[in-house]
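Shown below: run.pdb, with PDB, C-alpha atoms and all ligand atoms.
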ATOM      1  CA  MET C1105      -7.512 -33.007 -64.718
ATOM      2  CA  LYS C1106      -5.866 -29.651 -65.062
ATOM      3  CA  TYR C1107      -7.360 -26.385 -63.792
ATOM      4  CA  GLY C1108      -5.978 -23.048 -62.655
ATOM      5  CA  VAL C1109      -6.453 -19.393 -61.846
ATOM      6  CA  ILE C1110      -4.798 -16.489 -63.651
ATOM      7  CA  GLY C1111      -4.405 -12.836 -62.683
ATOM      8  CA  PHE C1112      -1.945 -10.121 -61.734
ATOM      9  CA  PRO C1113      -1.271 -10.134 -58.811
ATOM     10  CA  ILE C1114      -2.204 -13.741 -58.032
ATOM     11  CA  GLU C1115      -0.310 -14.616 -54.845
ATOM     12  CA  HIS C1116      -3.318 -13.734 -52.634
ATOM     13  CA  SER C1117      -5.737 -15.965 -54.579
ATOM     14  CA  ARG C1118      -7.604 -18.551 -52.518
ATOM     15  CA  SER C1119      -9.106 -20.269 -55.560
ATOM     16  CA  PRO C1120      -6.765 -23.325 -55.355
ATOM     17  CA  GLU C1121      -7.825 -24.174 -51.795
ATOM     18  CA  ILE C1122     -11.508 -23.659 -52.654
ATOM     19  CA  HIS C1123     -11.431 -25.852 -55.762
ATOM     20  CA  ASN C1124      -9.273 -28.521 -54.087
ATOM     21  CA  SER C1125     -11.759 -28.641 -51.249
ATOM     22  CA  PHE C1126     -14.642 -29.103 -53.746
ATOM     23  CA  ALA C1127     -12.709 -31.856 -55.557
ATOM     24  CA  ASN C1128     -12.079 -33.658 -52.232
ATOM     25  CA  GLN C1129     -15.832 -33.902 -51.666
ATOM     26  CA  PHE C1130     -16.020 -36.192 -54.728
ATOM     27  CA  ASP C1131     -12.597 -37.889 -54.441
ATOM     28  CA  LEU C1132     -11.792 -36.224 -57.728
ATOM     29  CA  GLU C1133      -8.114 -35.901 -58.594
ATOM     30  CA  ILE C1134      -7.395 -32.461 -59.968
ATOM     31  CA  THR C1135      -4.462 -30.105 -60.180
ATOM     32  CA  PHE C1136      -5.395 -26.487 -59.597
ATOM     33  CA  THR C1137      -2.524 -24.012 -59.799
ATOM     34  CA  LYS C1138      -2.199 -20.235 -59.748
ATOM     35  CA  HIS C1139      -0.382 -18.332 -62.468
ATOM     36  CA  LEU C1140       0.851 -14.778 -62.704
ATOM     37  CA  VAL C1141      -0.241 -13.674 -66.160
ATOM     38  CA  ARG C1142       0.008 -10.131 -67.537
ATOM     39  CA  LYS C1143      -2.566  -8.600 -69.846
ATOM     40  CA  HIS C1144      -0.390  -8.645 -72.960
ATOM     41  CA  GLU C1145       0.420 -12.365 -72.585
ATOM     42  CA  CYS C1146      -3.087 -13.459 -71.576
ATOM     43  CA  SER C1147      -4.324 -14.625 -74.964
ATOM     44  CA  SER C1148      -1.295 -16.758 -75.872
ATOM     45  CA  TRP C1149      -0.966 -18.082 -72.308
ATOM     46  CA  VAL C1150      -4.594 -19.235 -72.216
ATOM     47  CA  LYS C1151      -4.362 -20.894 -75.644
ATOM     48  CA  ASP C1152      -1.210 -22.751 -74.523
ATOM     49  CA  PHE C1153      -2.942 -23.889 -71.352
ATOM     50  CA  PHE C1154      -5.883 -25.338 -73.253
ATOM     51  CA  ASN C1155      -3.585 -26.889 -75.880
ATOM     52  CA  ASN C1156      -1.795 -28.676 -73.045
ATOM     53  CA  GLU C1157      -4.672 -30.568 -71.431
ATOM     54  CA  GLY C1158      -6.086 -27.655 -69.446
ATOM     55  CA  ILE C1159      -9.842 -27.943 -68.844
ATOM     56  CA  GLY C1160     -10.853 -24.866 -66.882
ATOM     57  CA  LEU C1161      -9.498 -21.505 -65.748
ATOM     58  CA  SER C1162     -10.687 -19.009 -63.166
ATOM     59  CA  VAL C1163      -9.867 -15.472 -64.192
ATOM     60  CA  THR C1164      -9.281 -12.623 -61.784
ATOM     61  CA  LEU C1165      -8.231  -8.974 -62.047
ATOM     62  CA  PRO C1166      -7.127  -7.445 -64.338
ATOM     63  CA  LEU C1167      -7.780 -10.128 -66.975
ATOM     64  CA  LYS C1168     -11.570 -10.433 -66.982
ATOM     65  CA  GLU C1169     -12.031  -8.332 -70.129
ATOM     66  CA  GLU C1170      -9.127 -10.067 -71.899
ATOM     67  CA  ALA C1171     -10.597 -13.479 -71.099
ATOM     68  CA  PHE C1172     -13.926 -12.366 -72.503
ATOM     69  CA  LYS C1173     -12.311 -11.198 -75.747
ATOM     70  CA  LEU C1174     -10.329 -14.354 -76.446
ATOM     71  CA  ALA C1175     -13.249 -16.797 -76.028
ATOM     72  CA  ASP C1176     -14.901 -18.611 -78.955
ATOM     73  CA  VAL C1177     -18.300 -18.880 -77.247
ATOM     74  CA  ILE C1178     -19.665 -16.425 -74.651
ATOM     75  CA  SER C1179     -22.576 -16.933 -72.243
ATOM     76  CA  ASP C1180     -25.405 -14.382 -72.110
ATOM     77  CA  ARG C1181     -24.440 -13.247 -68.643
ATOM     78  CA  ALA C1182     -20.795 -12.744 -69.617
ATOM     79  CA  LEU C1183     -22.039 -10.720 -72.581
ATOM     80  CA  GLN C1184     -24.098  -8.585 -70.199
ATOM     81  CA  ALA C1185     -21.100  -8.084 -67.938
ATOM     82  CA  GLY C1186     -18.652  -7.528 -70.797
ATOM     83  CA  ALA C1187     -16.241  -9.666 -68.790
ATOM     84  CA  ALA C1188     -15.528 -13.306 -67.920
ATOM     85  CA  ASN C1189     -14.295 -14.849 -64.676
ATOM     86  CA  MET C1190     -14.130 -18.408 -65.975
ATOM     87  CA  LEU C1191     -13.032 -20.208 -69.122
ATOM     88  CA  HIS C1192     -13.820 -23.783 -70.076
ATOM     89  CA  LEU C1193     -12.571 -25.882 -72.972
ATOM     90  CA  LYS C1194     -15.626 -27.598 -74.442
ATOM     91  CA  GLU C1195     -15.655 -29.456 -77.752
ATOM     92  CA  ASP C1196     -12.355 -27.804 -78.707
ATOM     93  CA  LYS C1197     -13.793 -24.320 -78.178
ATOM     94  CA  ILE C1198     -13.024 -21.863 -75.391
ATOM     95  CA  PHE C1199     -16.260 -21.013 -73.592
ATOM     96  CA  ALA C1200     -16.423 -17.900 -71.346
ATOM     97  CA  ASP C1201     -18.853 -17.263 -68.512
ATOM     98  CA  CYS C1202     -19.264 -14.732 -65.716
ATOM     99  CA  THR C1203     -20.290 -16.499 -62.510
ATOM    100  CA  ASP C1204     -19.756 -13.505 -60.181
ATOM    101  CA  GLY C1205     -23.377 -12.348 -60.281
ATOM    102  CA  VAL C1206     -24.871 -15.767 -59.633
ATOM    103  CA  GLY C1207     -22.232 -16.188 -56.912
ATOM    104  CA  LEU C1208     -23.457 -13.048 -55.159
ATOM    105  CA  VAL C1209     -27.138 -13.961 -55.518
ATOM    106  CA  ASN C1210     -26.524 -17.513 -54.209
ATOM    107  CA  ASP C1211     -24.499 -16.124 -51.311
ATOM    108  CA  LEU C1212     -27.361 -13.788 -50.368
ATOM    109  CA  LYS C1213     -29.834 -16.705 -50.598
ATOM    110  CA  VAL C1214     -27.736 -18.789 -48.217
ATOM    111  CA  LYS C1215     -27.628 -15.797 -45.863
ATOM    112  CA  GLU C1216     -31.442 -15.553 -46.191
ATOM    113  CA  ILE C1217     -31.194 -12.016 -47.567
ATOM    114  CA  GLU C1218     -33.979 -11.190 -50.025
ATOM    115  CA  LEU C1219     -33.398  -8.905 -52.993
ATOM    116  CA  GLN C1220     -36.984  -8.976 -54.173
ATOM    117  CA  ALA C1221     -38.796  -5.660 -53.556
ATOM    118  CA  LYS C1222     -35.748  -4.189 -51.806
ATOM    119  CA  ASN C1223     -33.956  -0.903 -52.411
ATOM    120  CA  VAL C1224     -30.405  -1.751 -53.388
ATOM    121  CA  LEU C1225     -27.417   0.571 -53.726
ATOM    122  CA  VAL C1226     -24.336  -0.533 -55.661
ATOM    123  CA  ILE C1227     -21.321   1.755 -55.210
ATOM    124  CA  GLY C1228     -18.903   1.699 -58.144
ATOM    125  CA  ALA C1229     -19.337   1.464 -61.902
ATOM    126  CA  GLY C1230     -16.353  -0.636 -62.996
ATOM    127  CA  GLY C1231     -15.964  -4.273 -63.989
ATOM    128  CA  ALA C1232     -17.027  -5.608 -60.593
ATOM    129  CA  SER C1233     -20.366  -3.761 -60.812
ATOM    130  CA  ARG C1234     -20.959  -4.956 -64.359
ATOM    131  CA  GLY C1235     -20.504  -8.535 -63.207
ATOM    132  CA  ILE C1236     -23.206  -8.383 -60.536
ATOM    133  CA  ILE C1237     -25.859  -5.884 -61.715
ATOM    134  CA  PRO C1238     -27.669  -8.137 -64.247
ATOM    135  CA  SER C1239     -28.005 -10.888 -61.605
ATOM    136  CA  ILE C1240     -29.295  -8.443 -58.978
ATOM    137  CA  LEU C1241     -31.886  -7.145 -61.455
ATOM    138  CA  SER C1242     -33.049 -10.653 -62.249
ATOM    139  CA  GLU C1243     -34.107 -11.006 -58.581
ATOM    140  CA  ASN C1244     -36.647  -8.155 -58.982
ATOM    141  CA  PRO C1245     -35.505  -5.524 -56.517
ATOM    142  CA  GLN C1246     -37.816  -2.560 -56.005
ATOM    143  CA  GLN C1247     -35.066  -0.268 -57.137
ATOM    144  CA  LEU C1248     -31.380  -0.512 -57.960
ATOM    145  CA  ILE C1249     -29.263   2.596 -57.791
ATOM    146  CA  VAL C1250     -25.693   2.730 -59.036
ATOM    147  CA  ALA C1251     -23.583   5.475 -57.485
ATOM    148  CA  ASN C1252     -20.084   6.297 -58.551
ATOM    149  CA  ARG C1253     -17.374   8.859 -57.822
ATOM    150  CA  THR C1254     -17.257   9.686 -61.531
ATOM    151  CA  ALA C1255     -20.910  10.215 -62.416
ATOM    152  CA  GLU C1256     -20.493   9.821 -66.206
ATOM    153  CA  LYS C1257     -19.189   6.288 -65.766
ATOM    154  CA  ALA C1258     -22.274   5.347 -63.761
ATOM    155  CA  TYR C1259     -24.608   6.888 -66.367
ATOM    156  CA  LYS C1260     -22.842   4.973 -69.118
ATOM    157  CA  LEU C1261     -23.106   1.689 -67.226
ATOM    158  CA  VAL C1262     -26.789   2.177 -66.448
ATOM    159  CA  ALA C1263     -27.552   3.124 -70.060
ATOM    160  CA  GLU C1264     -25.760   0.019 -71.344
ATOM    161  CA  ILE C1265     -27.498  -2.295 -68.921
ATOM    162  CA  GLN C1266     -30.893  -0.738 -69.640
ATOM    163  CA  GLY C1267     -30.174  -1.252 -73.319
ATOM    164  CA  LEU C1268     -29.514  -4.917 -72.649
ATOM    165  CA  SER C1269     -32.473  -5.163 -70.304
ATOM    166  CA  ALA C1270     -34.918  -4.790 -73.168
ATOM    167  CA  PHE C1271     -33.764  -8.213 -74.313
ATOM    168  CA  HIS C1272     -32.692  -9.973 -71.169
ATOM    169  CA  MET C1273     -34.507  -8.523 -68.161
ATOM    170  CA  LYS C1274     -38.071  -8.213 -67.024
ATOM    171  CA  SER C1275     -39.390  -4.818 -68.041
ATOM    172  CA  SER C1276     -40.954  -4.090 -64.647
ATOM    173  CA  ILE C1277     -37.583  -3.449 -63.052
ATOM    174  CA  LEU C1278     -36.995   0.127 -62.048
ATOM    175  CA  MET C1279     -33.553   1.531 -62.473
ATOM    176  CA  PRO C1280     -33.571   5.292 -62.064
ATOM    177  CA  SER C1281     -30.726   7.491 -63.094
ATOM    178  CA  SER C1282     -27.437   6.952 -61.348
ATOM    179  CA  LEU C1283     -26.152   9.222 -58.673
ATOM    180  CA  THR C1284     -22.795  10.516 -57.631
ATOM    181  CA  LEU C1285     -21.358   9.623 -54.253
ATOM    182  CA  ASP C1286     -22.350  13.071 -52.922
ATOM    183  CA  ASN C1287     -26.046  13.063 -53.677
ATOM    184  CA  ILE C1288     -27.154   9.626 -52.528
ATOM    185  CA  ALA C1289     -27.346  10.539 -48.860
ATOM    186  CA  ASN C1290     -31.043  11.392 -48.822
ATOM    187  CA  THR C1291     -32.215   8.099 -50.238
ATOM    188  CA  SER C1292     -32.846   5.083 -48.099
ATOM    189  CA  PHE C1293     -31.481   1.625 -48.928
ATOM    190  CA  ASP C1294     -32.095  -1.858 -47.544
ATOM    191  CA  LEU C1295     -28.880  -3.289 -48.943
ATOM    192  CA  VAL C1296     -25.626  -1.441 -49.721
ATOM    193  CA  ILE C1297     -22.967  -3.197 -51.825
ATOM    194  CA  ASN C1298     -19.421  -1.907 -52.242
ATOM    195  CA  ALA C1299     -18.193  -2.762 -55.744
ATOM    196  CA  THR C1300     -15.422  -0.152 -55.883
ATOM    197  CA  SER C1301     -11.793  -1.171 -55.983
ATOM    198  CA  THR C1302     -11.009   0.776 -52.788
ATOM    199  CA  SER C1303     -10.811  -2.267 -50.528
ATOM    200  CA  THR C1304      -8.006  -3.763 -52.607
ATOM    201  CA  SER C1305      -5.561  -1.002 -51.609
ATOM    202  CA  PRO C1306      -5.245  -0.196 -47.915
ATOM    203  CA  GLU C1307      -4.215   3.421 -48.472
ATOM    204  CA  SER C1308      -7.222   4.461 -50.583
ATOM    205  CA  LYS C1309     -10.099   6.383 -49.044
ATOM    206  CA  LEU C1310     -13.745   5.693 -49.791
ATOM    207  CA  GLU C1311     -15.455   9.047 -49.780
ATOM    208  CA  ILE C1312     -19.050   8.088 -49.131
ATOM    209  CA  ASN C1313     -21.518   9.788 -46.849
ATOM    210  CA  SER C1314     -22.253   7.485 -43.926
ATOM    211  CA  GLU C1315     -25.941   8.502 -44.202
ATOM    212  CA  ILE C1316     -26.342   5.848 -46.913
ATOM    213  CA  PHE C1317     -26.299   3.244 -44.151
ATOM    214  CA  LYS C1318     -29.042   4.846 -42.080
ATOM    215  CA  ASP C1319     -31.827   2.360 -42.926
ATOM    216  CA  ALA C1320     -29.693  -0.465 -44.246
ATOM    217  CA  ALA C1321     -30.239  -3.981 -42.915
ATOM    218  CA  VAL C1322     -27.231  -5.349 -44.792
ATOM    219  CA  ALA C1323     -23.900  -3.995 -46.073
ATOM    220  CA  LEU C1324     -21.695  -6.211 -48.219
ATOM    221  CA  ASP C1325     -18.219  -5.576 -49.596
ATOM    222  CA  LEU C1326     -17.438  -7.672 -52.693
ATOM    223  CA  TYR C1327     -13.814  -7.787 -51.560
ATOM    224  CA  TYR C1328     -12.817 -10.612 -49.210
ATOM    225  CA  SER C1329     -10.456  -9.972 -46.390
ATOM    226  CA  GLN C1330      -9.404 -11.378 -43.020
ATOM    227  CA  LYS C1331      -9.832  -7.900 -41.525
ATOM    228  CA  ASP C1332     -12.788  -5.542 -41.877
ATOM    229  CA  THR C1333     -12.439  -3.271 -44.905
ATOM    230  CA  LEU C1334     -12.935   0.474 -44.595
ATOM    231  CA  PHE C1335     -16.439   0.067 -46.032
ATOM    232  CA  MET C1336     -17.279  -2.658 -43.484
ATOM    233  CA  LYS C1337     -15.956  -0.486 -40.644
ATOM    234  CA  MET C1338     -18.120   2.433 -41.782
ATOM    235  CA  ALA C1339     -21.192   0.196 -41.941
ATOM    236  CA  LYS C1340     -20.495  -1.210 -38.466
ATOM    237  CA  ASP C1341     -19.969   2.297 -37.077
ATOM    238  CA  GLN C1342     -23.423   3.142 -38.400
ATOM    239  CA  SER C1343     -24.840   0.042 -36.660
ATOM    240  CA  VAL C1344     -25.865  -1.810 -39.813
ATOM    241  CA  PRO C1345     -27.164  -5.116 -38.376
ATOM    242  CA  GLU C1346     -25.479  -7.441 -40.885
ATOM    243  CA  VAL C1347     -22.090  -6.641 -42.451
ATOM    244  CA  PHE C1348     -20.262  -9.074 -44.751
ATOM    245  CA  ASP C1349     -17.201  -9.285 -46.942
ATOM    246  CA  GLY C1350     -17.030 -11.116 -50.285
ATOM    247  CA  TRP C1351     -15.876 -14.532 -49.024
ATOM    248  CA  GLY C1352     -19.296 -16.150 -49.474
ATOM    249  CA  MET C1353     -19.606 -14.773 -52.990
ATOM    250  CA  LEU C1354     -16.101 -15.980 -53.854
ATOM    251  CA  VAL C1355     -16.953 -19.526 -52.749
ATOM    252  CA  GLN C1356     -20.304 -19.475 -54.563
ATOM    253  CA  GLN C1357     -18.905 -18.190 -57.859
ATOM    254  CA  ALA C1358     -16.228 -20.892 -57.613
ATOM    255  CA  ALA C1359     -18.923 -23.524 -57.001
ATOM    256  CA  GLU C1360     -20.767 -22.438 -60.145
ATOM    257  CA  SER C1361     -17.554 -22.636 -62.208
ATOM    258  CA  PHE C1362     -16.634 -26.020 -60.671
ATOM    259  CA  SER C1363     -20.021 -27.505 -61.484
ATOM    260  CA  GLN C1364     -19.768 -26.371 -65.104
ATOM    261  CA  TRP C1365     -16.270 -27.846 -65.424
ATOM    262  CA  THR C1366     -17.017 -31.165 -63.758
ATOM    263  CA  GLY C1367     -20.804 -31.640 -63.801
ATOM    264  CA  LEU C1368     -20.660 -32.008 -59.987
ATOM    265  CA  GLU C1369     -22.365 -29.684 -57.501
ATOM    266  CA  PRO C1370     -20.179 -29.079 -54.461
ATOM    267  CA  ASP C1371     -21.479 -28.299 -51.006
ATOM    268  CA  THR C1372     -20.342 -24.781 -50.080
ATOM    269  CA  SER C1373     -21.691 -24.457 -46.546
ATOM    270  CA  GLU C1374     -18.700 -25.767 -44.573
ATOM    271  CA  LEU C1375     -16.173 -23.711 -46.545
ATOM    272  CA  ILE C1376     -18.249 -20.547 -46.131
ATOM    273  CA  ARG C1377     -18.664 -21.146 -42.419
ATOM    274  CA  SER C1378     -15.024 -21.975 -41.714
ATOM    275  CA  ARG C1379     -13.638 -19.402 -44.185
ATOM    276  CA  GLY C1380     -11.179 -22.134 -45.138
ATOM    277  CA  ALA C1381      -9.403 -21.724 -41.802
TER     278      ALA C1381
HETATM  279  P1  LIG M1401     -13.073  -3.225 -61.017
HETATM  280  O1  LIG M1401     -12.874  -4.116 -62.206
HETATM  281  O2  LIG M1401     -12.522  -3.756 -59.713
HETATM  282  O3  LIG M1401     -14.507  -2.778 -60.857
HETATM  283  P2  LIG M1401     -12.421  -0.703 -62.224
HETATM  284  O4  LIG M1401     -13.133  -1.092 -63.464
HETATM  285  O5  LIG M1401     -11.121   0.014 -62.297
HETATM  286  O6  LIG M1401     -12.145  -1.944 -61.293
HETATM  287  O7  LIG M1401     -13.441   0.189 -61.350
HETATM  288  C1  LIG M1401     -13.105   0.656 -60.090
HETATM  289  C2  LIG M1401     -14.331   1.339 -59.459
HETATM  290  O8  LIG M1401     -13.981   1.747 -58.139
HETATM  291  C3  LIG M1401     -14.785   2.572 -60.194
HETATM  292  O9  LIG M1401     -16.175   2.694 -60.050
HETATM  293  C4  LIG M1401     -14.056   3.673 -59.409
HETATM  294  O10 LIG M1401     -14.648   4.942 -59.493
HETATM  295  P3  LIG M1401     -14.304   5.954 -60.703
HETATM  296  O11 LIG M1401     -15.116   5.484 -61.858
HETATM  297  O12 LIG M1401     -14.685   7.280 -60.190
HETATM  298  O13 LIG M1401     -12.814   5.801 -60.924
HETATM  299  C5  LIG M1401     -14.194   3.146 -58.022
HETATM  300  N1  LIG M1401     -13.198   3.718 -57.105
HETATM  301  C6  LIG M1401     -11.862   3.481 -57.112
HETATM  302  N2  LIG M1401     -11.263   4.172 -56.101
HETATM  303  C7  LIG M1401     -12.258   4.857 -55.448
HETATM  304  C8  LIG M1401     -12.303   5.737 -54.297
HETATM  305  N3  LIG M1401     -11.199   6.031 -53.606
HETATM  306  N4  LIG M1401     -13.503   6.228 -53.903
HETATM  307  C9  LIG M1401     -14.628   5.900 -54.579
HETATM  308  N5  LIG M1401     -14.667   5.089 -55.667
HETATM  309  C10 LIG M1401     -13.501   4.568 -56.098
END
Translate the structure described by the file into structure tokens.
Ligand code: ATR
Amino acid sequence: MKYGVIGFPIEHSRSPEIHNSFANQFDLEITFTKHLVRKHECSSWVKDFFNNEGIGLSVTLPLKEEAFKLADVISDRALQAGAANMLHLKEDKIFADCTDGVGLVNDLKVKEIELQAKNVLVIGAGGASRGIIPSILSENPQQLIVANRTAEKAYKLVAEIQGLSAFHMKSSILMPSSLTLDNIANTSFDLVINATSTSTSPESKLEINSEIFKDAAVALDLYYSQKDTLFMKMAKDQSVPEVFDGWGMLVQQAAESFSQWTGLEPDTSELIRSRGA
């Protein structure tokens, strides 16, 4: 059974070891390979893969929007995100889903971190934020604030998600206007999530006011890394009690994709604990 992950760059991807470890739990024989695919070749590459016995693909940056566009059938949550992180050939049609949000929510559940009635701050208004915001809202936080360096982008994202929310979300959810990175300092948050792309490049600076961490119980960077990211260091310097990277979310989103591809539900606890080491 043929699976894979596509992106650019792709060398760093840990998806093969995660999916092989899931398959081992069921003695399932799979091949899971990584492929460097550029945006302009994405559509033809994916079609070739599925025409040649491919069953499922994980999709990473920068191809999540391309993957979404080439699918024949799109899940509601991928529609909300406007992006897909997994593709699945079902009944000769390419189905697209976005399992990032459910991956984050399941990761927080395992960590016994409640979203319900909490004040949540998401920093960043790009594709990564789009992927997680609908799932965070479905857990009924007290308030979700999106802050972004470029304010207009945050306003646009919030307006689009509120537009969708009339159909897909519970109406009781509060989502006030977005804020820029400069004017969030006076608000207090229980959970701060970094969904900017800053952690992916070591030389970039994250210009946030460390005051945002003052009442936070948890800070989580969606990026996964062996070393603390700049965001994680800032949170630790401000004595946030629990600081995490995105490893747990990565494993959980993979588990959701794996179970859709195979119908089997893998146990994620050992992989999350060991970090695959
Ligand atoms: P992704 O798909 O990873 O979300 P993206 O769509 O390019 O990537 O979005 C990147 C996000 O990181 C944006 O919110 C971006 O802010 P701008 O909209 O102002 O560009 C944010 N970002 C990138 N570099 C940043 C930095 N140095 N400080 C703060 N935010 C940054």
Pick out the residues no farther than 7 Å from ligand LIG 1401 (chain M), counting all atoms listed in the file, and list them as a PyMOL selection string. chain C and resi 1165-1166+1228-1233+1252-1254+1257+1299-1302+1308-1311
May I ask for the distance between atom CA of C:Glu1264 and atom CA of C:His1144, given in Å to one decimal place? 26.9 Å
C:Lys1331 environment, 12 Å, only C-alpha atoms, sequence neighbours closer than 6 positions dropped, as a short mmCIF file (atom, residue, chain, number, x, y, z; two decimals) with C-alpha atoms, in the frame of the given file:
data_model
loop_
_atom_site.label_atom_id
_atom_site.label_comp_id
_atom_site.auth_asym_id
_atom_site.auth_seq_id
_atom_site.Cartn_x
_atom_site.Cartn_y
_atom_site.Cartn_z
CA SER C 1303 -10.81 -2.27 -50.53
CA THR C 1304 -8.01 -3.76 -52.61
CA PRO C 1306 -5.24 -0.20 -47.92
CA ASP C 1325 -18.22 -5.58 -49.60
CA LYS C 1337 -15.96 -0.49 -40.64
CA PHE C 1348 -20.26 -9.07 -44.75
CA ASP C 1349 -17.20 -9.28 -46.94
CA GLY C 1350 -17.03 -11.12 -50.28
CA TRP C 1351 -15.88 -14.53 -49.02
#
In Å, how far is it from atom CA of C:Ile1198 to atom CA of C:Gly1111? 17.8 Å
Hits of the PyMOL selection byres (((chain C and resi 1184-1194) around 9) and not hetatm) in this structure, as a VMD selection string: chain C and resid 1109 1154 1158 to 1165 1167 to 1173 1175 1178 to 1183 1195 to 1204 1231 to 1238 1264 to 1265 1268 1272 1357 to 1358 1361 1364 to 1365
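Counting from atom CA of C:Leu1225, the distance to atom CA of C:His1116 is 28.0 Å.
Candidate residues C:Arg1118, C:Lys1340, C:Lys1318, C:Lys1106 were compared for distance to C:Val1355, and the nearest is C:Arg1118, using all atoms listed in the file.
Applied to the shown file, the PyMOL selection byres (((chain C and resi 1208-1216) around 7) and not hetatm) selects the residues Asp1204, Gly1205, Val1206, Gly1207, Ile1217, Glu1218, Ser1239, Ile1240, Gly1352, Met1353 and Gln1356 of chain C.
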Nearby residues (only C-alpha atoms) at most 9 Å from C:Ser1292, same-chain spacing under 5 positions excluded, as a VMD selection string: chain C and resid 1223 to 1224 1315 to 1320
Evaluate the PyMOL selection byres (((chain C and resi 1323) around 7) and not hetatm) and record the selected residues as number ranges by chain, following the chain and residue labels used in the document. C: 1295-1297, 1322, 1324-1325, 1339, 1344, 1346-1348
Neighbouring residues of C:Phe1112 were defined as those with any atom within 6 Å, considering all atoms listed in the file; residues of the same chain fewer than 2 positions away were excluded. Please report them as a ChimeraX atom specification. /C:1114,1140-1141
Listed atoms of stretch 1126-1131 of chain C, axis-aligned box, 4 Å per side: centre and edge lengths to one decimal in Å, as JSON?
{"center_x": -14.0, "center_y": -33.5, "center_z": -53.6, "size_x": 11.9, "size_y": 16.8, "size_z": 11.9}
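Closest approach to C:Gln1220 among C:Met1105, C:Asp1294, C:Val1177, C:Pro1113: C:Asp1294, based on all atoms listed in the file.
Restricting the calculation to only C-alpha atoms, the smallest distance between C:Leu1334 and any of C:Asn1156, C:Ser1373, C:Asn1124, C:Ser1305 is found for C:Ser1305.
With all atoms listed in the file as the atoms that count, the minimum distance from C:Met1336 to the choices C:Asn1155, C:Ser1314, C:Gln1246, C:Ser1117 is reached by C:Ser1314.
Residues near the point (2.0, -21.8, -59.1), at a distance of 10 Å or less over only C-alpha atoms, make up Gly1108, Val1109, Ile1110, Ile1114, Glu1115, Pro1120, Phe1136, Thr1137, Lys1138, His1139 and Leu1140 of chain C.
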Using all atoms listed in the file, which residues sit within 7 Å of C:Leu1219 once same-chain residues fewer than 3 positions away are excluded, as number ranges by chain? C: 1222, 1243-1245
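The shortest atom-to-atom distance to C:Tyr1327, with all atoms listed in the file taken into account, belongs to C:Asn1298 out of C:Ser1378, C:Asn1298, C:Ser1119, C:Ser1242.
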